[in-house]
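Trainee: Sharing a structure below in structure tokens format, with a few things to ask.
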Protein chains: 2
Amino acid sequence: MTDALDLSSFRSRAAQRGRPGYWDFPEVQIKWAFEAGLPDPRTFPIDDLVRISERVLREDADDALQYGGGAHGSIVYGWEGLRDRLAERTRRVDGREVDRRGVLLTSGGVQGISLFCQAFLDEGDAVAVELPTWEAVVGSVQRLGAEPIAVPVDGDGLRVDLLEKQIEALRAAGRRLKFVYTIATFHTPTGVCLSLERRRRLLELARQWDFLVLEDNVYGELRYSGETLPTLFALDTSERVVKIDSFSKTVAPALRLGWVTGHPDAIAALSAVRGDLGVSQWVARVAETFLTEGLYEPHLDKIRAVYRDKRDVALAALEQHCAGSLHWNVPDGGYFLWCTLADGIDGREVMKRAFAEGVVCRPGERFCGDPEPAKSYFRLAFTMVPHEAIEPGIAVLGRAIAASTRS
Amino acid sequence: MTDALDLSSFRSRAAQRGRPGYWDFPEVQIKWAFEAGLPDPRTFPIDDLVRISERVLREDADDALQYGGGAHGSIVYGWEGLRDRLAERTRRVDGREVDRRGVLLTSGGVQGISLFCQAFLDEGDAVAVELPTWEAVVGSVQRLGAEPIAVPVDGDGLRVDLLEKQIEALRAAGRRLKFVYTIATFHTPTGVCLSLERRRRLLELARQWDFLVLEDNVYGELRYSGETLPTLFALDTSERVVKIDSFSKTVAPALRLGWVTGHPDAIAALSAVRGDLGVSQWVARVAETFLTEGLYEPHLDKIRAVYRDKRDVALAALEQHCAGSLHWNVPDGGYFLWCTLADGIDGREVMKRAFAEGVVCRPGERFCGDPEPAKSYFRLAFTMVPHEAIEPGIAVLGRAIAASTRS
């Protein structure tokens with residue numbers, strides 16, 4: 001016999017602010033999963049993962065199956081072999097001098113964001129985020145009792161002019177902006193990139209107003225068209241930018257492997273709040289070997305080609321099935337199309353009708369905090385659904401829109 | 001050119017309280033690693049891991065390489081197949097009714113502890129911990145601005161009578177104990193078990209004084225002698241105990257796979273503060289298959305036999321090389337011998353001399369907070385060093401003690 005325990009007086013403020021993670025998923029057969037930012041499983045490098053994983057287990061297991069540090073450095077920072085390779089790649093790609101002390105391995109990009117928030121935010125602090133943005137960052141900020149300040153995004157990314165106004169308003173109220181979180185390249189959900197001019201302006205503002213910049217670059221390598229933009233981290237000369245990267249969108253989410261790159265002092269601050277003992281050394285060594293064998297760059301080329309095609313198939317299908325009642329962006333990269341319904345069409349009804357037929361997209365309110373202004377938007381991830389299923393899925397969506405328009 | 005950035009005004013209180021995780025390890029050849037709680041690499045089930053890992057990658061990769069949830073439940077809770085197996089095992093071993101909602105997969109046991117602290121502690125809250133105890137829990141408590149209250153351990157584990165006095169003192173000061181963290185079975189560093197009588201008394205106190213109990217059971221399965229004790233979780237009828245388990249000490253740390261078992265409401269609170277997207281589904285499916293194929297129980301039997309022998313080799317070597325100047329416990333399980341130097345021998349000097357010859361143990365102050373009273377203690381982990389190297393390593397230690405006694 002057990003007597004019921006009321007936990008309400010035990011929960012911390014963080015637990016009260018957070019959203020529990022369990023749900024029962026409705027019993028609907030999902031045929032077209034446009035909802036989550038999932039890679040195409042057909043791009044997973046299975047043969048290489050099997051081969052390298054076996055090699056690491058058989059040749060290096062004495063070390064590789066233990067905790068994750070190395071002879072130098074720390075368990076908490078993660079396997080130094082991979083950190084050295086990632087630092088090397090950053091020097092090449094971003095032209096910045098970085099070594100292993102400037103690289104922390106994390107459980108996906110998301111843990112890097114969460115650690116950054118824990119390292120630099122206290123209750124009442126202000127953080128600027130894009131509107132719309134990824135809800136996980138808002139959750140991380142709010143759990144700590146800090147305030148996410150929403151700054152709108154347009155076709156050139158974050159409205160840096162409006163950011164400055166927000167900073168001025170904060171200062172006028174005796175407050176300070178701790179950092180800006182920006183998905184500067186292939187932003188979720190909108191797919192836009194922060195223009196080069198705005199990147200430079202943002203970095204000027206960071207110096208002028210003394211704030212940090214957390215650049216979420218997890219989609220940054222996935223460019224399908226247009227000219228490459230330097231990352232904020234590459235442009236930064238004031239050590240204010242910390243960059244988040246991940247293998248989740250480029251190799252496989254189940255590696256649970258991301259990395260944070262920045263000034264060693266900033267990385268040390270993240271390590272000081274870390275509540276686990278780092279990532280799997282086994283998986284980190286698999287990724288290291290994937291890089292060392294020169295497999296990562298050709299793999300990126302391959303998935304860029306796959307997703308470029310899928311993007312184009314999705315855009316053509318939207319033109320065919322949704323033109324007139326829907327507006328969408330044409331992204332140069334990333335995973336997402338951001339869709340805006342014509343006036344008078346209720347996004348919630350569209351989502352409901354589409355869902356009943358097996359199509360699921362992510363409703364706009366998930367990116368905006370406030371549900372009301374967001375009922376006309378939804379995000380469509382074109383990456384996971386097989387090529388041949390994209391058009392039929394978008395056809396279902398088109399019918400759902402048409403039905404919602406009539407009603 | 002970069003201008004230096006002073007991060008001091010940016011760091012959160014948590015980051016100020018935390019200890020950065022990077023260090024340069026001294027350039028000494030370590031031959032006898034008695035320091036960390038590492039398993040014997042010769043016990044790693046390499047063939048099974050290679051085979052099962054390949055099977056998961058080839059047969060299930062479409063799902064298994066994505067994020068970690070399942071058709072029902074949540075990414076944050078982790079792969080439901082493994083949660084179901086673990087719940088089933090808990091019903092069998094602990095005789096408690098648990099289902100997947102009462103199980104959260106974590107990055108080792110340590111993340112479970114950290115999440116529990118985040119879910120149930122605010123600044124100024126009080127938590128009871130054993131003295132000595134594992135330093136990671138003290139770090140997790142202190143980062144949140146909560147206070148760890150040290151309660152001494154004797155040969156029967158936590159001094160529950162002294163705990164009650166601490167609770168009364170807190171109440172008299174208008175404060176409350178939020179929870180007790182206890183490594184009740186094969187405690188680190190001392191190797192002792194909380195007696196059955198004290199287990200029952202602790203649970204009575206938990207009801208009476210309205211606190212939770214976090215039972216760290218990561219060594220609990222590793223009994224080499226003596227009679228099995230029921231876990232606190234097994235004895236609990238008031239839903240106050242949350243239990244931490246891990247595959248790190250029993251299979252391999254690099255799986256980064258632990259689990260928390262408890263009332264679904266407590267588990268939901270942990271999920272609400274979680275800052276990552278759960279553990280690797282790939283690794284979780286490997287562990288699930290390891291359990292499903294019936295490999296886990298025989299593997300536990302095998303490592304118990306290996307570590308029983310190693311314990312006995314270490315005890316005999318201590319008798320041979322350190323008798324008279326050192327006292328140690330004789331643990332019935334776990335990884336550790338807790339060693340107390342005779343009066344007048346400085347533990348720091350012993351550690352230094354031993355280290356210079358390649359022997360490393362963990363100094364007592366790492367488990368006690370305060371360095372001064374702990375300079376006579378050190379912890380010796382007997383699990384990782386190969387059988388044949390244990391005696392020569394302890395001989396080095398014996399010489400270091402003798403040399404420190406003379407000087």
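Identifiers in this document derive from the order of the structure tokens: chains are assigned A, B, ..., residues are numbered from 1 separately in each chain, and ligands are numbered from 1 in order of occurrence.
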Which residues of range 191-287 of chain A sit at most 6 Å from range 84-106 of chain A, using only C-alpha atoms? Give each one's shortest atom pair and distance in Å (one decimal place), in chain and ascending residue order, as JSON lines.
Mentor:
```
{"residue": "A:Ala234", "atom": "CA", "partner": "A:Asp94", "partner_atom": "CA", "distance": 4.6}
{"residue": "A:Leu257", "atom": "CA", "partner": "A:Thr106", "partner_atom": "CA", "distance": 5.8}
{"residue": "A:Gly258", "atom": "CA", "partner": "A:Thr106", "partner_atom": "CA", "distance": 4.9}
{"residue": "A:Trp259", "atom": "CA", "partner": "A:Leu105", "partner_atom": "CA", "distance": 4.4}
{"residue": "A:Val260", "atom": "CA", "partner": "A:Leu104", "partner_atom": "CA", "distance": 5.2}
{"residue": "A:Thr261", "atom": "CA", "partner": "A:Val103", "partner_atom": "CA", "distance": 4.7}
{"residue": "A:Gly262", "atom": "CA", "partner": "A:Gly102", "partner_atom": "CA", "distance": 5.2}
{"residue": "A:His263", "atom": "CA", "partner": "A:Gly102", "partner_atom": "CA", "distance": 5.5}
{"residue": "A:Pro264", "atom": "CA", "partner": "A:Gly102", "partner_atom": "CA", "distance": 4.5}
```
Trainee: Could you write out the selected residues, including all heavy atoms, as an mmCIF file, in the first residue's frame?
Mentor:
```cif
data_model
loop_
_atom_site.group_PDB
_atom_site.id
_atom_site.type_symbol
_atom_site.label_atom_id
_atom_site.label_comp_id
_atom_site.auth_asym_id
_atom_site.auth_seq_id
_atom_site.Cartn_x
_atom_site.Cartn_y
_atom_site.Cartn_z
ATOM 1 N N ALA A 234 33.381 33.536 -37.446
ATOM 2 C CA ALA A 234 34.506 33.852 -38.336
ATOM 3 C C ALA A 234 34.764 35.356 -38.381
ATOM 4 O O ALA A 234 35.907 35.798 -38.489
ATOM 5 C CB ALA A 234 34.218 33.319 -39.739
ATOM 6 N N LEU A 257 25.854 14.133 -30.602
ATOM 7 C CA LEU A 257 27.189 14.703 -30.614
ATOM 8 C C LEU A 257 27.161 16.070 -31.278
ATOM 9 O O LEU A 257 26.911 16.196 -32.474
ATOM 10 C CB LEU A 257 28.143 13.757 -31.356
ATOM 11 C CG LEU A 257 29.627 13.932 -31.109
ATOM 12 C CD1 LEU A 257 29.970 13.948 -29.629
ATOM 13 C CD2 LEU A 257 30.408 12.819 -31.804
ATOM 14 N N GLY A 258 27.377 17.076 -30.466
ATOM 15 C CA GLY A 258 27.542 18.429 -30.946
ATOM 16 C C GLY A 258 28.812 18.987 -30.339
ATOM 17 O O GLY A 258 29.505 18.300 -29.592
ATOM 18 N N TRP A 259 29.122 20.236 -30.682
ATOM 19 C CA TRP A 259 30.289 20.854 -30.062
ATOM 20 C C TRP A 259 30.108 22.367 -29.997
ATOM 21 O O TRP A 259 29.378 22.948 -30.800
ATOM 22 C CB TRP A 259 31.590 20.469 -30.770
ATOM 23 C CG TRP A 259 31.760 20.943 -32.184
ATOM 24 C CD1 TRP A 259 32.479 22.020 -32.627
ATOM 25 C CD2 TRP A 259 31.238 20.321 -33.386
ATOM 26 N NE1 TRP A 259 32.441 22.105 -34.001
ATOM 27 C CE2 TRP A 259 31.682 21.080 -34.496
ATOM 28 C CE3 TRP A 259 30.427 19.191 -33.619
ATOM 29 C CZ2 TRP A 259 31.344 20.765 -35.816
ATOM 30 C CZ3 TRP A 259 30.080 18.888 -34.939
ATOM 31 C CH2 TRP A 259 30.544 19.664 -36.004
ATOM 32 N N VAL A 260 30.723 22.938 -28.986
ATOM 33 C CA VAL A 260 30.677 24.374 -28.769
ATOM 34 C C VAL A 260 32.086 24.892 -28.987
ATOM 35 O O VAL A 260 33.051 24.322 -28.466
ATOM 36 C CB VAL A 260 30.230 24.714 -27.337
ATOM 37 C CG1 VAL A 260 30.017 26.215 -27.192
ATOM 38 C CG2 VAL A 260 28.968 23.957 -26.968
ATOM 39 N N THR A 261 32.216 25.961 -29.766
ATOM 40 C CA THR A 261 33.529 26.538 -30.040
ATOM 41 C C THR A 261 33.527 27.986 -29.575
ATOM 42 O O THR A 261 32.584 28.737 -29.870
ATOM 43 C CB THR A 261 33.838 26.492 -31.553
ATOM 44 O OG1 THR A 261 33.529 25.202 -32.056
ATOM 45 C CG2 THR A 261 35.310 26.814 -31.820
ATOM 46 N N GLY A 262 34.571 28.368 -28.870
ATOM 47 C CA GLY A 262 34.646 29.752 -28.410
ATOM 48 C C GLY A 262 35.936 30.006 -27.658
ATOM 49 O O GLY A 262 36.834 29.156 -27.631
ATOM 50 N N HIS A 263 36.009 31.180 -27.067
ATOM 51 C CA HIS A 263 37.169 31.528 -26.251
ATOM 52 C C HIS A 263 37.293 30.511 -25.106
ATOM 53 O O HIS A 263 36.284 30.134 -24.506
ATOM 54 C CB HIS A 263 36.986 32.941 -25.695
ATOM 55 C CG HIS A 263 38.211 33.459 -25.025
ATOM 56 N ND1 HIS A 263 38.575 33.081 -23.756
ATOM 57 C CD2 HIS A 263 39.179 34.308 -25.444
ATOM 58 C CE1 HIS A 263 39.714 33.678 -23.425
ATOM 59 N NE2 HIS A 263 40.106 34.430 -24.441
ATOM 60 N N PRO A 264 38.509 30.080 -24.802
ATOM 61 C CA PRO A 264 38.681 29.087 -23.726
ATOM 62 C C PRO A 264 38.018 29.482 -22.404
ATOM 63 O O PRO A 264 37.530 28.606 -21.681
ATOM 64 C CB PRO A 264 40.206 28.997 -23.576
ATOM 65 C CG PRO A 264 40.736 29.346 -24.926
ATOM 66 C CD PRO A 264 39.786 30.365 -25.498
#
```
Trainee: Could you pull the residues within 7 Å of Gly21 in chain B, counting only C-alpha atoms, minus those fewer than 2 positions along the same chain, as a PDB file with all heavy atoms, in the first residue's frame?
Mentor:
```
ATOM      1  N   SER A  74      40.147  16.886 -20.197  1.00  0.00           N
ATOM      2  CA  SER A  74      39.208  16.493 -19.179  1.00  0.00           C
ATOM      3  C   SER A  74      38.084  15.647 -19.703  1.00  0.00           C
ATOM      4  O   SER A  74      37.662  15.762 -20.850  1.00  0.00           O
ATOM      5  CB  SER A  74      38.656  17.763 -18.560  1.00  0.00           C
ATOM      6  OG  SER A  74      37.284  17.730 -18.473  1.00  0.00           O
ATOM      7  N   VAL A  76      35.090  15.981 -18.823  1.00  0.00           N
ATOM      8  CA  VAL A  76      33.949  16.860 -19.054  1.00  0.00           C
ATOM      9  C   VAL A  76      34.016  17.523 -20.442  1.00  0.00           C
ATOM     10  O   VAL A  76      32.989  17.710 -21.092  1.00  0.00           O
ATOM     11  CB  VAL A  76      33.886  17.918 -17.928  1.00  0.00           C
ATOM     12  CG1 VAL A  76      32.951  19.048 -18.284  1.00  0.00           C
ATOM     13  CG2 VAL A  76      33.438  17.256 -16.624  1.00  0.00           C
ATOM     14  N   TYR A  77      35.206  17.838 -20.912  1.00  0.00           N
ATOM     15  CA  TYR A  77      35.346  18.444 -22.238  1.00  0.00           C
ATOM     16  C   TYR A  77      35.139  17.429 -23.365  1.00  0.00           C
ATOM     17  O   TYR A  77      34.753  17.807 -24.464  1.00  0.00           O
ATOM     18  CB  TYR A  77      36.737  19.059 -22.390  1.00  0.00           C
ATOM     19  CG  TYR A  77      36.872  20.475 -21.879  1.00  0.00           C
ATOM     20  CD1 TYR A  77      36.651  20.777 -20.544  1.00  0.00           C
ATOM     21  CD2 TYR A  77      37.221  21.518 -22.733  1.00  0.00           C
ATOM     22  CE1 TYR A  77      36.790  22.067 -20.070  1.00  0.00           C
ATOM     23  CE2 TYR A  77      37.362  22.821 -22.265  1.00  0.00           C
ATOM     24  CZ  TYR A  77      37.146  23.083 -20.932  1.00  0.00           C
ATOM     25  OH  TYR A  77      37.279  24.363 -20.472  1.00  0.00           O
ATOM     26  N   ALA A 268      35.308  27.257 -20.585  1.00  0.00           N
ATOM     27  CA  ALA A 268      35.518  26.847 -19.187  1.00  0.00           C
ATOM     28  C   ALA A 268      34.277  27.135 -18.346  1.00  0.00           C
ATOM     29  O   ALA A 268      33.917  26.356 -17.459  1.00  0.00           O
ATOM     30  CB  ALA A 268      36.736  27.552 -18.602  1.00  0.00           C
ATOM     31  N   SER A 271      31.861  24.434 -18.973  1.00  0.00           N
ATOM     32  CA  SER A 271      32.269  23.186 -18.319  1.00  0.00           C
ATOM     33  C   SER A 271      31.976  23.233 -16.821  1.00  0.00           C
ATOM     34  O   SER A 271      31.738  22.199 -16.198  1.00  0.00           O
ATOM     35  CB  SER A 271      33.753  22.905 -18.562  1.00  0.00           C
ATOM     36  OG  SER A 271      34.585  23.678 -17.711  1.00  0.00           O
ATOM     37  N   ALA A 272      31.991  24.432 -16.249  1.00  0.00           N
ATOM     38  CA  ALA A 272      31.784  24.579 -14.801  1.00  0.00           C
ATOM     39  C   ALA A 272      30.336  24.329 -14.383  1.00  0.00           C
ATOM     40  O   ALA A 272      30.069  24.065 -13.217  1.00  0.00           O
ATOM     41  CB  ALA A 272      32.220  25.968 -14.339  1.00  0.00           C
TER      42      ALA A 272
ATOM     43  N   ARG B  19      33.152  24.401 -10.817  1.00  0.00           N
ATOM     44  CA  ARG B  19      34.589  24.271 -11.031  1.00  0.00           C
ATOM     45  C   ARG B  19      34.815  23.952 -12.503  1.00  0.00           C
ATOM     46  O   ARG B  19      34.281  22.953 -13.001  1.00  0.00           O
ATOM     47  CB  ARG B  19      35.110  23.117 -10.165  1.00  0.00           C
ATOM     48  CG  ARG B  19      36.603  23.117  -9.973  1.00  0.00           C
ATOM     49  CD  ARG B  19      37.008  21.964  -9.087  1.00  0.00           C
ATOM     50  NE  ARG B  19      36.596  20.694  -9.703  1.00  0.00           N
ATOM     51  CZ  ARG B  19      36.787  19.502  -9.144  1.00  0.00           C
ATOM     52  NH1 ARG B  19      37.326  19.406  -7.960  1.00  0.00           N
ATOM     53  NH2 ARG B  19      36.404  18.402  -9.755  1.00  0.00           N
ATOM     54  N   TRP B  23      41.970  20.557 -17.209  1.00  0.00           N
ATOM     55  CA  TRP B  23      43.274  20.601 -16.550  1.00  0.00           C
ATOM     56  C   TRP B  23      44.303  19.966 -17.469  1.00  0.00           C
ATOM     57  O   TRP B  23      43.972  19.180 -18.345  1.00  0.00           O
ATOM     58  CB  TRP B  23      43.248  19.880 -15.209  1.00  0.00           C
ATOM     59  CG  TRP B  23      43.076  18.404 -15.298  1.00  0.00           C
ATOM     60  CD1 TRP B  23      44.053  17.454 -15.445  1.00  0.00           C
ATOM     61  CD2 TRP B  23      41.839  17.673 -15.252  1.00  0.00           C
ATOM     62  NE1 TRP B  23      43.513  16.200 -15.487  1.00  0.00           N
ATOM     63  CE2 TRP B  23      42.158  16.295 -15.368  1.00  0.00           C
ATOM     64  CE3 TRP B  23      40.491  18.048 -15.115  1.00  0.00           C
ATOM     65  CZ2 TRP B  23      41.182  15.299 -15.364  1.00  0.00           C
ATOM     66  CZ3 TRP B  23      39.529  17.047 -15.106  1.00  0.00           C
ATOM     67  CH2 TRP B  23      39.867  15.698 -15.230  1.00  0.00           C
TER      68      TRP B  23
END
```
Trainee: From a backbone DSSP assignment, name each residue in range 62-309 of chain B labelled strand (DSSP E), as a PyMOL selection string.
Mentor: chain B and resi 103-106+126-131+147-154+157-158+177-182+212-216+241-246+258-261
Trainee: Do you know which residues are at most 12 Å from Arg51 in chain A counting only C-alpha atoms, after dropping those on the same chain fewer than 3 positions away, and could you put them as a list of chain:residue names?
Mentor: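 Listing them by chain and then by number gives A:Pro45, A:Ile46, A:Asp47, A:Asp48, A:Glu54, A:Arg55, A:Val56, A:Leu57, A:Arg58, A:Glu59, A:Val286, A:Thr289, A:Phe290, B:Val50, B:Arg51, B:Ser53, B:Glu54, B:Leu57, B:Arg58.
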Trainee: Which residues, written as a list of chain:residue names, have at least one atom at most 7 Å from Ala15 in chain B, with only C-alpha atoms counted and residues fewer than 2 positions away on the same chain left out?
Mentor: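 Contacts, in chain order: A:Ala119, A:Ala269, A:Ala272, A:Val273, B:Arg11, B:Ser12, B:Arg13, B:Arg17, B:Gly18.
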Trainee: Since we have the selection now, will you write its residues out, keeping N, CA, C and O atoms, as a short mmCIF file (atom, residue, chain, number, x, y, z; two decimals), in the first residue's frame?
Mentor:
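This went into out.cif:
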```cif
data_model
loop_
_atom_site.label_atom_id
_atom_site.label_comp_id
_atom_site.auth_asym_id
_atom_site.auth_seq_id
_atom_site.Cartn_x
_atom_site.Cartn_y
_atom_site.Cartn_z
N ALA A 119 25.48 28.93 -17.85
CA ALA A 119 26.75 29.58 -17.51
C ALA A 119 26.64 31.09 -17.46
O ALA A 119 27.42 31.75 -16.77
N ALA A 269 33.61 28.26 -18.63
CA ALA A 269 32.39 28.59 -17.89
C ALA A 269 31.30 27.55 -18.16
O ALA A 269 30.57 27.15 -17.25
N ALA A 272 31.99 24.43 -16.25
CA ALA A 272 31.78 24.58 -14.80
C ALA A 272 30.34 24.33 -14.38
O ALA A 272 30.07 24.07 -13.22
N VAL A 273 29.40 24.42 -15.31
CA VAL A 273 27.99 24.19 -14.95
C VAL A 273 27.49 22.84 -15.46
O VAL A 273 26.32 22.49 -15.29
N ARG B 11 29.35 35.82 -16.12
CA ARG B 11 29.12 34.49 -15.54
C ARG B 11 27.95 34.48 -14.57
O ARG B 11 27.83 35.35 -13.71
N SER B 12 27.12 33.46 -14.71
CA SER B 12 26.01 33.28 -13.77
C SER B 12 26.55 32.88 -12.41
O SER B 12 27.71 32.49 -12.28
N ARG B 13 25.70 32.94 -11.41
CA ARG B 13 26.12 32.47 -10.09
C ARG B 13 26.50 31.00 -10.15
O ARG B 13 27.46 30.56 -9.51
N ARG B 17 30.04 29.39 -9.04
CA ARG B 17 30.15 28.37 -8.00
C ARG B 17 30.78 27.09 -8.52
O ARG B 17 31.35 26.31 -7.77
N GLY B 18 30.64 26.84 -9.83
CA GLY B 18 31.12 25.58 -10.39
C GLY B 18 32.62 25.58 -10.60
O GLY B 18 33.26 26.62 -10.57
#
```
Trainee: DSSP on the backbone: what in range 168-393 of chain A comes out helix (DSSP H, G or I), as a ChimeraX atom specification?
Mentor: /A:168-172,196-209,232-235,253-255,264-272,281-292,296-322,347-356,364-367,372-374,387-393
Trainee: One decimal, in Å: what's the spacing between CA of Glu227 in chain A and CA of Leu196 in chain A?
Mentor: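 These atoms are spaced 10.8 Å apart.
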Trainee: Rank nothing, just name the residue among B:Ile244, B:Cys322, B:Val360, B:Met384 nearest to chain A, using only C-alpha atoms.
Mentor: B:Met384
Trainee: Would you mind telling me which residue in B:Trp32, B:Gly344, B:Gln281, B:Ala266 lies nearest to Glu391 in chain B when using only C-alpha atoms?
Mentor: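 Of B:Trp32, B:Gly344, B:Gln281, B:Ala266, the one nearest Glu391 in chain B is B:Trp32, counting only C-alpha atoms.
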Trainee: How far is it from CA of Thr133 in chain B to CA of Glu204 in chain B, in Å with one decimal?
Mentor: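 CA of Thr133 in chain B sits 22.7 Å away from CA of Glu204 in chain B.
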Trainee: Quick one: everything within 10 Å of Asp210 in chain B, counting only C-alpha atoms, minus sequence neighbours fewer than 2 positions away in the same chain. Send it as a list in words.
Mentor: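 My reading of the contact set: Leu5 and Phe10 of chain A; Arg176, Leu177, Lys178, Phe179, Leu203, Glu204, Leu205, Ala206, Arg207, Gln208, Leu212 and Arg240 of chain B.
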Trainee: What's the 7 Å shell around Leu115 in chain B, counting only C-alpha atoms, without same-chain residues fewer than 3 positions away, as a list in words?
Mentor: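 Residues near the query, excluding close chain neighbours: Gln111, Gly112, Gln118, Ala119, Leu270, Val273 and Arg274 of chain B.
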Trainee: Residues of the last selection are to be written out with N, CA, C and O atoms, as a PDB file, in the first residue's frame.
Mentor:
```pdb
ATOM      1  N   GLN B 111      24.087  12.209 -14.470  1.00  0.00           N
ATOM      2  CA  GLN B 111      23.097  13.161 -14.981  1.00  0.00           C
ATOM      3  C   GLN B 111      21.780  13.037 -14.227  1.00  0.00           C
ATOM      4  O   GLN B 111      21.088  14.036 -14.026  1.00  0.00           O
ATOM      5  N   GLY B 112      21.439  11.836 -13.802  1.00  0.00           N
ATOM      6  CA  GLY B 112      20.231  11.655 -13.001  1.00  0.00           C
ATOM      7  C   GLY B 112      20.311  12.454 -11.703  1.00  0.00           C
ATOM      8  O   GLY B 112      19.350  13.099 -11.290  1.00  0.00           O
ATOM      9  N   GLN B 118      18.439  19.747  -9.876  1.00  0.00           N
ATOM     10  CA  GLN B 118      17.800  20.872 -10.565  1.00  0.00           C
ATOM     11  C   GLN B 118      16.284  20.868 -10.381  1.00  0.00           C
ATOM     12  O   GLN B 118      15.661  21.921 -10.318  1.00  0.00           O
ATOM     13  N   ALA B 119      15.716  19.672 -10.304  1.00  0.00           N
ATOM     14  CA  ALA B 119      14.252  19.575 -10.207  1.00  0.00           C
ATOM     15  C   ALA B 119      13.735  19.904  -8.813  1.00  0.00           C
ATOM     16  O   ALA B 119      12.595  20.330  -8.660  1.00  0.00           O
ATOM     17  N   LEU B 270      11.950  15.754 -13.293  1.00  0.00           N
ATOM     18  CA  LEU B 270      13.302  15.683 -13.850  1.00  0.00           C
ATOM     19  C   LEU B 270      13.281  16.011 -15.343  1.00  0.00           C
ATOM     20  O   LEU B 270      14.151  16.725 -15.841  1.00  0.00           O
ATOM     21  N   VAL B 273      13.286  19.759 -16.344  1.00  0.00           N
ATOM     22  CA  VAL B 273      14.486  20.609 -16.222  1.00  0.00           C
ATOM     23  C   VAL B 273      15.599  20.135 -17.148  1.00  0.00           C
ATOM     24  O   VAL B 273      16.689  20.709 -17.158  1.00  0.00           O
ATOM     25  N   ARG B 274      15.321  19.127 -17.913  1.00  0.00           N
ATOM     26  CA  ARG B 274      16.366  18.551 -18.749  1.00  0.00           C
ATOM     27  C   ARG B 274      16.737  19.494 -19.881  1.00  0.00           C
ATOM     28  O   ARG B 274      15.871  19.986 -20.592  1.00  0.00           O
TER      29      ARG B 274
END
```
Trainee: For Tyr335 in chain A, please output as number ranges by chain all residues within 9 Å (counting only C-alpha atoms; exclusion window: fewer than 6 positions along the same chain).
Mentor: A: 37-39, 186, 188-189, 191, 219, 222, 249, 307, 311, 380-383
Trainee: Taking into account only C-alpha atoms, which residue in the set A:Arg143, A:Arg200, A:Arg171, A:His299 is nearest to chain B?
Mentor: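 Using only C-alpha atoms, chain B sits closest to A:Arg143.
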